[in-house]
Each structure stands twice: as C-alpha cells, then as structure tokens.
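**Q** Next up is a structure, given as structure tokens.
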Amino acid sequence: MKVVALVSGGKDSCYAMMKSIHYGHEIVALANLMPVDDSVDELDSYMFQTVGHQIIINYAECMGLPLFRRRIQGSSRHLELGYKTTQGDEVEDMYILLREVKRQIPSITAVCSGAIASDYQRLRVESVCSRLGLVSLAYLWKQDQSLLLNEMIANGIVAITVKVAAMGLDPAKHLGKELAMLNAYLHKLKEAYGINVCGEGGEYETLTLDCPLFSNARIVLDKYQIVMHSSDSIAPVGVLHPLAFHLENKVDTQSLKTVDKIHESCTQTVGPVFEVHDSLERLEATCCWLQDSCNGLREDLTIVLRKIESQLEGFGFGWENVLYIHLYIDDMDKFSEANETYVKFITHEKCPFGVPSRSTVEMPLVEMDFSRAYMEVLVSNNKDKKVLHVQSISCWAPSCIGPYSQATLHEGVLLMAGQLGLDPPTMNLCSGGPGVEHEQALKNSEAIAKSFNCSISTSAIGFVIYCSKKVSSLDRLDIEKKQETILRQMKISDLQEGKKFKALEPITLYVLVPDLPKRAFVEVKPILYVEDGADAAIETITEKTRSKTSCYWGFKQENWHDSCIQKCVIPGRICAIILSITSELAAKICSDSLPADYVNDNGQHSLPKAHMEQLSKFCIYLLDKAIKDNNFAWEDIMSLRFYIPVSLQMSVELIQPMFSNALFELSEMNQRKVKSYEEPIFNIVPVIGAGRSASSMDNVVTCELLAHKS
C-alpha cells in the first residue's frame with residue numbers, strides 16, 4: 001500500500017516507517033502537526049508530541065518526500081477512551097491534515113503511526129482513518145518495549161532525548177543524549193522504578209536526527225538550551241529547545257534494502273513542504289438502491305438484519321446490546337457483498353460501547369432451505385462489556401478493519417472473533433498448509449487473550465474449530481494433534497516463567513464447512529473464562545454426583561450416555577457442553593433398528609422423520625440432565641446450537657419444529673420453565689459435518705450449549 005506517515009520527530013514514528021517498508025509498503029508522504037506559535041516547544045496535548053517541531057521541516061529534505069504540516073487549532077476535549085467526532089478537538093486537526101494529503105495524493109490508502117501502548121492514541125488514529133477510508137498501520141503496537149528499544153538502536157535509529165519527566169532522569173544530565181548511550185540506564189530505571197523504557201508513560205520524548213530512511217542528509221544539532229517546566233526534586237521536568245542546527249549531506253547512501261520503494265513515486269531531491277489550513281469539507285451525495293438480485297445474498301442479508309433490528313427494538317434494545325454475531329453465508333465469493341450490507345446496519349455510532357465481535361463462515365444454507373444469509377446474535381440486557389477493537393495493522397494480532405471487534409468480555413465470559421491463520425503485519429494467510437495456518441490462528445488467539453490478562457491454554461472453556469472441506473483427512477488429524485500440543489506447550493512455558501494459574505481443560509468441537517474467509521483452511525473460535533478477582537473453583541467435570549434421574553420419553557440413564565457428552569464446568573458460573581450423536585449411537589437411541597438404506601450409495605445418511613424426532617428428544621433429555629446435574633437451569637443458557645449435516649437431506653422447516661416440540665414437552669412433563677418465546681431459544685446450523693474429533697466429523701447431530709449464571 002502507498003502510505004502517509006504521521007511523524008512527530010520521535011523514534012517511534014520513524015521506526016514505524018521502517019517497519020512499514022519492511023512489510024512491503026511504500027512511504028510516499030509525511031504528515032506532521034505542530035503548535036500555532038513557533039516559539040512554543042510543547043502543547044498540553046494527549047495526542048501529539050511537539051517538542052522539537054522546529055526541526056521536522058528538514059525531514060522533507062532528508063527523505064526526499066513531501067511533508068504536509070498543520071498547526072493545531074484544537075485541544076483535548078473528548079477525553080473518553082473511545083473517540084466521537086468532536087468540534088474543536090485536536091483530533092479534528094489530524095483529520096483535516098490527512099484529508100488534504102489524501103486529496104493531493106489519491107493513491108494513498110494507509111497511514112502509519114508509532115503507537116506502542118496507548119489505546120487513547122491508537123483509537124483516535126483509527127477513527128480518523130475510518131472516516132477517510134484509510135488503513136491504519138501500527139507495527140509497533142503491543143511490542144515488548146525492551147526488545148523494541150534495542151531493535152530501534154540496532155537498526156540505526158539515532159535519536160536524542162528532548163524531554164525528560166521521570167524519577168531518575170535529570171534534565172541537566174540526560175537531555176540531548178543519544179538513546180544508545182542511555183539504553184542501559186533506562187533499563188536500570190525500569191528495574192528500580194518500573195518506568196516504560198520506550199517512554200510510553202511520558203517518561204521521556206525523543207527527536208530522531210538520523211536513520212536509514214534519511215537517504216539525503218542527517219540532522220546535526222549545533223546549539224540548544226534546556227527549559228525547565230518543573231524543578232521537582234523527585235522527578236524534574238525539562239525540555240530541549242533547539243537554537244541552531246544544520247543538515248549534513250550523505251555521500252554514501254545508507255538505507256534499508258527496500259528503501260528504494262520510498263522514491264518510486266517521488267523523485268525530488270528535496271521534498272516539498274505544504275502547510276494545511278482550514279477548508280470547507282465537500283459534501284458528496286451517495287445514492288444507493290437495491291438491485292433485483294433474485295433473492296441474492298445482499299437482499300437476504302438485508303431482510304435478516306432488518307428483522308433482527310426490529311426484534312431488538314421490540315425488547316427495548318439496540319445493536320449496542322449485541323455481544324457477538326455469527327454470520328453464515330452461502331457463498332464466500334460474496335463475502336465483500338455481505339460486509340457492505342452489514343456495515344449499513346451495524347456501525348460505531350450505533351454501538352458507542354464497542355461493536356460486537358463476529359465469526360463468519362460459509363455454510364450449506366440453501367441445501368437445507370435456509371436463505372442465502374443467516375445471522376445469530378447474542379444479546380445482553382445490560383451494556384456492561386469490555387470490547388477490544390484494534391483496526392490498525394500491526395505485529396500484535398490481525399486487525400479488524402470494520403465494525404466488528406477482536407473480542408468482547410461480558411460478565412467473565414470472553415467471546416473471541418473467529419481467528420484465521422493470518423500473519424498480523426501483512427494480513428496474508430501463512431503459507432505452508434492447514435497445520436501452519438492453525439498454529440498461527442492459535443498464536444493470534446493467544447495475543448488477544450493476553451490483552452485480557454489470560455491465556456487460551458489455561459482460561460479457555462472451549463474451542464470451535466472450523467475446517468474447510470479442502471482440508472484432507474490427514475491434515476485434519478494433524479490439526480487435532482497440534483491443537484493439543486500447542487496448548488500443552490503454552491502451559492509448560494507459563495509454568496517455566498513461574499506463573500501460577502488454575503487451568504481449565506477446554507472442550508473442543510470440529511466443524512466441517514464449505515469455505516472460510518480468504519479461502520483459509522482453518523478458523524479458530526475460542527471462548528474463555530476471565531476471573532474477576534474472586535476465587536472460583538475451576539474444574540473440568542468428568543464425573544459428578546448425579547441428581548435424581550427422571551425418565552422422559554422412555555429414556556433411562558445408561559452408562560454409555562456419558563460417552564455422548566463433553567463438559568467444562570465452573571461451579572456456579574459456567575457450564576459448557578458438547579453433545580455428540582454418532583451414527584452408532586443413533587442406532588442405539590432409536591427404539592427400532594434403522595432401515596437398511598440409512599446410508600445410501602453416496603455415503604449420505606437418509607434418516608426417517610420418526611428417527612430424527614427420537615434423536616431430538618434424546619438430545620433435549622440428555623442436555624436437561626447435564627444442566628440439572630451441575631445446578632444450572634434452562635434460564636441460564638446463553639447459546640444453544642444444533643449442528644445438522646446436510647447429508648441427512650432434511651430441511652430446517654422439518655427439523656426446527658422437532659426440537660421446539662421436544663422443549664415444549666419437556667417443560668410440560670418437568671413442570672419447570674423452559675424459555676418460550678415466539679422464536680426458538682436455539683439455532684439450527686447446517687454443516688457438512690461436525691464432531692469432537694477432526695478426523696471423524698460425521699455426527700448425525702451435534703449440540704453446543706453454553707450456560708452462564710450472572
């Protein structure tokens with residue numbers, strides 16, 4: 001992508017440019033925000049570094065790139081973490097600046113910045129990028145600061161301190177010193193006082209005088225003065241005010257191996273400098289209409305979204321109440337169509353507390369008489385949730401560019417978006433086949449989990465692993481082995497680091513699907529339990545004292561019933577169940593033997609309606625028993641899915657009433673309340689196959705249940 005780099009003059013923004021080039025992007029312009037008054041060194045800004053702004057104008061010459069600058073008119077007015085467009089806020093100056101850059105260089109599609117740990121800054125850059133249709137690149141995000149500082153120095157970033165404001169840093173001693181000289185001392189201060197060695201807590205600021213991207217010249221600071229802002233005896237604050245400097249031409253070009261990309265669209269020896277002033281934003285009218293799609297995906301998804309929106313309104317809710325969305329479509333070739341339709345309904349403005357997380361897969365919908373789009377939403381009657389939504393491309397984890405987040409935490413349950421085996425900085429699928437993709441997907445999941453101070457190896461309740469039908473049976477077996485091995489290695493690594501934890505043993509469901517986004521082989525969807533600080537008895541239930549067994553529909557407790565169920569239970573908190581009915585178990589459950597043509601010549605199941613009714617009742621019977629055995633109730637259920645293979649050749653109109661009737665009959669016989677609305681409390685999900693093992697995804701029926709006590 002062609003990139004405009006937000007530069008403050010500091011080490012981070014310069015190294016962010018180097019990382020962007022490393023990952024194949026092309027820097028074509030620079031953008032900088034500066035004070036209105038040239039004599040002022042520092043503004044009271046939460047967003048922008050301005051110390052050393054007098055020297056930034058020379059970056060255009062040093063790099064041979066156009067530099068766009070704007071004087072900051074606004075202030076930090078919108079102080080909440082998430083940003084909404086606010087007149088008079090300094091973020092609007094950044095918007096005006098980048099809008100002008102894009103107007104003059106229309107080929108620009110991305111912005112790179114040096115955000116490392118500040119959500120406040122990252123979210124504001126992402127907000128502006130979203131409004132301008134640009135991609136945010138933040139390759140330093142969430143990187144280990146000690147490693148990052150060493151990396152910057154080793155890769156030729158020559159930067160000096162221009163502000164110090166921390167215990168152990170003395171303006172008289174430490175201002176104007178190169179980072180390479182201060183590196184060891186900064187790490188000593190980290191050990192002694194816990195400072196951020198990259199200065200992310202405001203401990204210090206830097207000015208880059210030279211780096212491999214300065215192909216024409218380096219900056220030499222000839223004279224400066226120290227200006228004290230605070231003479232505090234513990235943590236004095238001082239800034240460096242440059243008085244004289246000059247450029248020193250480089251005889252031998254020192255650059256990155258890929259630095260020639262910088263000059264592909266800019267051949268000037270000295271880059272021009274533009275000052276961006278206020279201008280009226282041109283309003284463009286956008287026309288949209290619904291084409292006659294003959295019930296295409298776009299039309300079907302629009303109808304589904306309108307119906308859900310209406311249902312939410314009927315309960316007094318809105319999209320802000322939605323925690324998670326499963327989006328099923330019938331053709332992954334139309335993924336972009338689905339997204340275009342989705343974003344018309346689910347927006348940041350409608351979800352001020354954070355957009356819901358999402359998983360998208362292709363399912364054989366039409367084969368079971370579904371529409372071409374099918375959505376399942378998880379709704380909460382309160383808006384108390386913590387949402388992680390990083391839109392910037394970084395080395396941390398795959399970005400979510402659009403109105404869906406990486407993860408949503410609600411009342412201790414962490415719902416993570418489906419993770420593909422994407423290499424975060426390039427956003428390309430890892431090469432090497434299904435096993436490599438699966439391993440990367442788990443690494444991405446772990447990076448997200450760590451943002452919530454947990455791990456998929458110890459906090460996961462369960463995993464749903466979607467496998468594309470392109471994956472061979474041998475590769476599926478490899479995926480299953482890697483799932484166990486990688487989680488075990490993560491646990492061992494944590495133990496070696498001296499971490500103490502209560503480990504869950506997660507349950508795993510494998511689902512075979514026609515296709516996945518980006519034609520991926522694997523998509524991993526973890527669900528985690530994040531402790532709230534209170535001690536919780538965490539255990540995986542294999543055996544438990546059984547409640548008094550009730551007999552419904554003639555079913556009685558038998559020893560083999562336990563083989564149908566996987567459970568992960570946190571007493572009084574969480575009950576997760578996967579119930580698997582294989583063809584062998586289906587034959588046991590049905591009172592009379594299955595017909596000879598149960599499996600036809602094509603290997604497909606052809607199950608009589610009466611047998612499917614029997615299986616639906618057995619599933620409800622066994623789920624009811626498992627719920628009661630662990631002191632949960634139907635009212636505690638967050639989600640319940642029945643995965644049905646299309647090989648059964650049964651429509652949703654036939655299957656859904658079977659499970660609805662079974663729930664109704666249970667309620668009548670049990671004289672206990674089972675949630676009953678006009679819409680069922682469960683979802684029928686058509687699949688190619690599903691099972692507890694990747695090598696045998698051939699269940700006749702698979703149930704996935706998650707119950708949660710508030």
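Please note that chains go A, B, ... in the order of the structure tokens, that every chain numbers its residues from 1, and that ligands are numbered from 1 in the order shown.
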Any idea what's packed within 10 Å of Cys454 in chain A, counting only C-alpha atoms, ignoring anything in its chain fewer than 2 positions away? Could you give it as a count of residues only?

**A** 18

**Q** Show me, as a PyMOL selection string, the residues that have an atom within 12 Å of Ile620 in chain A when counting only C-alpha atoms, minus same-chain residues fewer than 5 positions from it.

**A** chain A and resi 552-553+555+579+613-615+625-627+634+640-642+658-667+674+682+701-705

**Q** As a ChimeraX atom specification, list the residues of range 264-423 of chain A assigned to strand (DSSP E) by DSSP on the backbone atoms of this structure.

**A** /A:273-275,322-329,357-362,373-379,386-388,407-410,413-416,419-420,422-423

**Q** Using only C-alpha atoms, please write the residues we just selected to a file, as a short mmCIF file (atom, residue, chain, number, x, y, z; two decimals), in the first residue's frame.

**A**
```
data_model
loop_
_atom_site.label_atom_id
_atom_site.label_comp_id
_atom_site.auth_asym_id
_atom_site.auth_seq_id
_atom_site.Cartn_x
_atom_site.Cartn_y
_atom_site.Cartn_z
CA VAL A 273 6.51 21.25 2.27
CA PHE A 274 2.80 22.08 2.39
CA GLU A 275 1.02 23.84 5.23
CA VAL A 322 -25.30 -7.25 20.97
CA LEU A 323 -22.20 -9.03 22.26
CA TYR A 324 -21.47 -11.46 19.44
CA ILE A 325 -22.63 -12.25 15.92
CA HIS A 326 -22.34 -15.46 13.93
CA LEU A 327 -22.71 -14.61 10.26
CA TYR A 328 -23.35 -17.58 8.00
CA ILE A 329 -23.40 -17.05 4.22
CA SER A 357 -17.25 -9.49 17.84
CA ARG A 358 -18.03 -11.70 14.86
CA SER A 359 -17.34 -15.03 13.22
CA THR A 360 -18.09 -15.51 9.52
CA VAL A 361 -18.16 -18.86 7.73
CA GLU A 362 -19.75 -20.32 4.64
CA ALA A 373 -27.61 -15.36 4.69
CA TYR A 374 -28.24 -16.36 8.27
CA MET A 375 -27.30 -14.47 11.43
CA GLU A 376 -27.22 -15.46 15.06
CA VAL A 377 -26.86 -12.67 17.64
CA LEU A 378 -26.01 -12.92 21.33
CA VAL A 379 -27.74 -10.13 23.23
CA LYS A 386 -15.33 -4.54 27.52
CA VAL A 387 -14.59 -4.57 23.82
CA LEU A 388 -11.18 -4.93 22.17
CA ALA A 407 -13.08 -9.87 21.42
CA THR A 408 -15.88 -8.93 23.82
CA LEU A 409 -15.73 -9.55 27.57
CA HIS A 410 -19.08 -9.71 29.38
CA VAL A 413 -17.06 -14.65 29.51
CA LEU A 414 -14.61 -13.65 26.76
CA LEU A 415 -16.10 -14.15 23.31
CA MET A 416 -13.40 -14.02 20.66
CA GLN A 419 -9.29 -16.26 14.12
CA LEU A 420 -7.67 -17.19 10.82
CA LEU A 422 -3.16 -14.56 9.26
CA ASP A 423 0.31 -13.10 9.60
#
```

**Q** For Pro242 in chain A, which residue among A:Leu474, A:Ala707, A:Val522, A:Val220 is the nearest when counting only C-alpha atoms?

**A** A:Val220

**Q** Which is closer to Phe48 in chain A than all the others in A:Ala16, A:Ala115, A:Ile303, A:Leu67, using only C-alpha atoms?

**A**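 Answer, going by the shortest atom-to-atom distance: A:Ala115.
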
**Q** Can you work out the spacing between CA of Ala192 in chain A and CA of Thr208 in chain A in Å, to one decimal?

**A**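 The value is 27.0 Å.
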
**Q** Can you check which residues of range 288-524 of chain A DSSP gives as alpha helix (DSSP H) on the backbone and send them as a PyMOL selection string?

**A** chain A and resi 297-314+335-342+434-450+456-459+473-496

**Q** Compare A:Gln73, A:Glu80, A:Tyr46, A:Gln311 by their minimum atom-to-atom distance to Glu200 in chain A, counting only C-alpha atoms, and give me the closest one.

**A**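 Checking each candidate against Glu200 in chain A, we get A:Tyr46 as the closest.
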
**Q** Using only C-alpha atoms for the distances, tell me which of A:Ile565, A:Met612, A:Ile655, A:Leu512 is nearest to Ser696 in chain A.

**A**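 Comparing A:Ile565, A:Met612, A:Ile655, A:Leu512 against Ser696 in chain A, the winner is A:Leu512.
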
**Q** Could you give me, as a compact mmCIF listing (two decimals) with N, CA, C and O atoms, in the first residue's frame, the residues within 8 Å of Leu6 in chain A, counting only C-alpha atoms and dropping anything in the same chain fewer than 4 positions from it?

**A**
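selection_29.txt, written as the output of this step:
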```txt
# COMPACT_ATOMS: atom_id res chain seq x y z
N SER A 13 7.78 7.05 15.61
CA SER A 13 7.18 7.29 14.30
C SER A 13 8.17 6.98 13.18
O SER A 13 7.78 6.49 12.11
N LEU A 30 4.80 12.50 4.18
CA LEU A 30 4.90 12.67 5.63
C LEU A 30 3.85 13.66 6.08
O LEU A 30 3.48 14.59 5.34
N ALA A 31 3.34 13.49 7.30
CA ALA A 31 2.35 14.41 7.86
C ALA A 31 2.71 14.72 9.30
O ALA A 31 3.05 13.83 10.07
N ASN A 32 2.62 16.01 9.66
CA ASN A 32 3.04 16.43 10.99
C ASN A 32 2.10 17.52 11.51
O ASN A 32 1.63 18.38 10.76
N VAL A 111 -2.16 4.83 6.60
CA VAL A 111 -1.46 5.76 7.48
C VAL A 111 -0.64 4.94 8.47
O VAL A 111 -1.17 4.00 9.08
N CYS A 112 0.65 5.27 8.64
CA CYS A 112 1.42 4.57 9.66
C CYS A 112 1.71 5.51 10.81
O CYS A 112 1.91 6.72 10.62
N SER A 113 1.70 4.96 12.03
CA SER A 113 1.96 5.76 13.23
C SER A 113 2.77 4.92 14.20
O SER A 113 2.86 3.69 14.06
N GLY A 114 3.34 5.58 15.21
CA GLY A 114 4.24 4.90 16.14
C GLY A 114 3.61 4.49 17.45
O GLY A 114 4.32 4.36 18.46
```

**Q** A:Leu43, A:Leu179, A:Ala235, A:Val51: which is nearest Gly9 in chain A, counting only C-alpha atoms?

**A**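 Under the stated criterion, the closest residue is A:Val51.
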
**Q** Which residue, A:Ile346, A:Ile492, A:Asp698, A:Trp560, has the smallest gap to Ile308 in chain A when you use only C-alpha atoms?

**A**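 Closest residue, counting only C-alpha atoms: A:Ile346.
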
**Q** Report, in Å to a single decimal, how far apart CA of Met167 in chain A and CA of Ser75 in chain A are.

**A**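 Atom-to-atom, CA of Ser75 in chain A to CA of Met167 in chain A, that is 27.9 Å.
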
**Q** To one decimal place in Å, what is the distance between CA of Val227 in chain A and CA of Ser8 in chain A?

**A** 19.6 Å

**Q** Would you pick out the contacts of Tyr342 in chain A at 8 Å or less, using only C-alpha atoms, so that residues sharing its chain but fewer than 4 positions from it are not included, and give the list as number ranges by chain?

**A** A: 301-302, 305, 338, 346

**Q** Keeping N, CA, C and O atoms for every residue in the selection just given, could you write it to a file as a JSON list (two decimals), in the first residue's frame?

**A**
```
[["chain", "number", "residue", "atom", "x", "y", "z"],
["A", 301, "LEU", "N", -29.57, -10.89, 3.28],
["A", 301, "LEU", "CA", -28.94, -10.38, 4.48],
["A", 301, "LEU", "C", -29.60, -9.08, 4.94],
["A", 301, "LEU", "O", -29.76, -8.84, 6.15],
["A", 302, "THR", "N", -30.02, -8.26, 4.00],
["A", 302, "THR", "CA", -30.73, -7.03, 4.37],
["A", 302, "THR", "C", -32.02, -7.36, 5.11],
["A", 302, "THR", "O", -32.34, -6.75, 6.14],
["A", 305, "LEU", "N", -31.10, -8.63, 8.63],
["A", 305, "LEU", "CA", -30.66, -7.54, 9.50],
["A", 305, "LEU", "C", -31.84, -6.67, 9.95],
["A", 305, "LEU", "O", -31.92, -6.26, 11.11],
["A", 338, "ALA", "N", -21.52, -9.20, 1.58],
["A", 338, "ALA", "CA", -22.06, -9.35, 2.93],
["A", 338, "ALA", "C", -21.55, -8.24, 3.84],
["A", 338, "ALA", "O", -22.33, -7.66, 4.61],
["A", 346, "ILE", "N", -24.80, -2.09, 11.25],
["A", 346, "ILE", "CA", -24.02, -2.15, 12.49],
["A", 346, "ILE", "C", -22.84, -1.20, 12.36],
["A", 346, "ILE", "O", -21.88, -1.47, 11.63]]
```

**Q** Give me the residues near range 17-20 of chain A as a VMD selection string, where near means some atom within 10 Å (using only C-alpha atoms) and where sequence neighbours in that chain fewer than 5 positions away do not count.

**A** chain A and resid 1 3 to 7 12 25 to 27 30 111 to 114 137 to 140 152 155 157 211 to 213 255 to 256 258 to 259 393 to 395 425 to 426

**Q** Find the residues near Val197 in chain A: any atom within 8 Å, counting only C-alpha atoms, skip ones fewer than 6 places away on the same chain, and give them as an NGL selection string.

**A** :A and (145-146 or 149 or 186-187 or 190)

**Q** Would you list the contacts of range 514-520 of chain A as a list in words, taking every protein, DNA or RNA residue within 8 Å and counting only C-alpha atoms, but skipping same-chain residues closer than 4 positions in sequence?

**A** Asp331, Met332, Phe335, Thr360, Val361, Glu362, Met363, Pro364, Leu420, Gly421, Leu429, Glu437, Ser468, Lys469, Lys470 and Ile688 of chain A
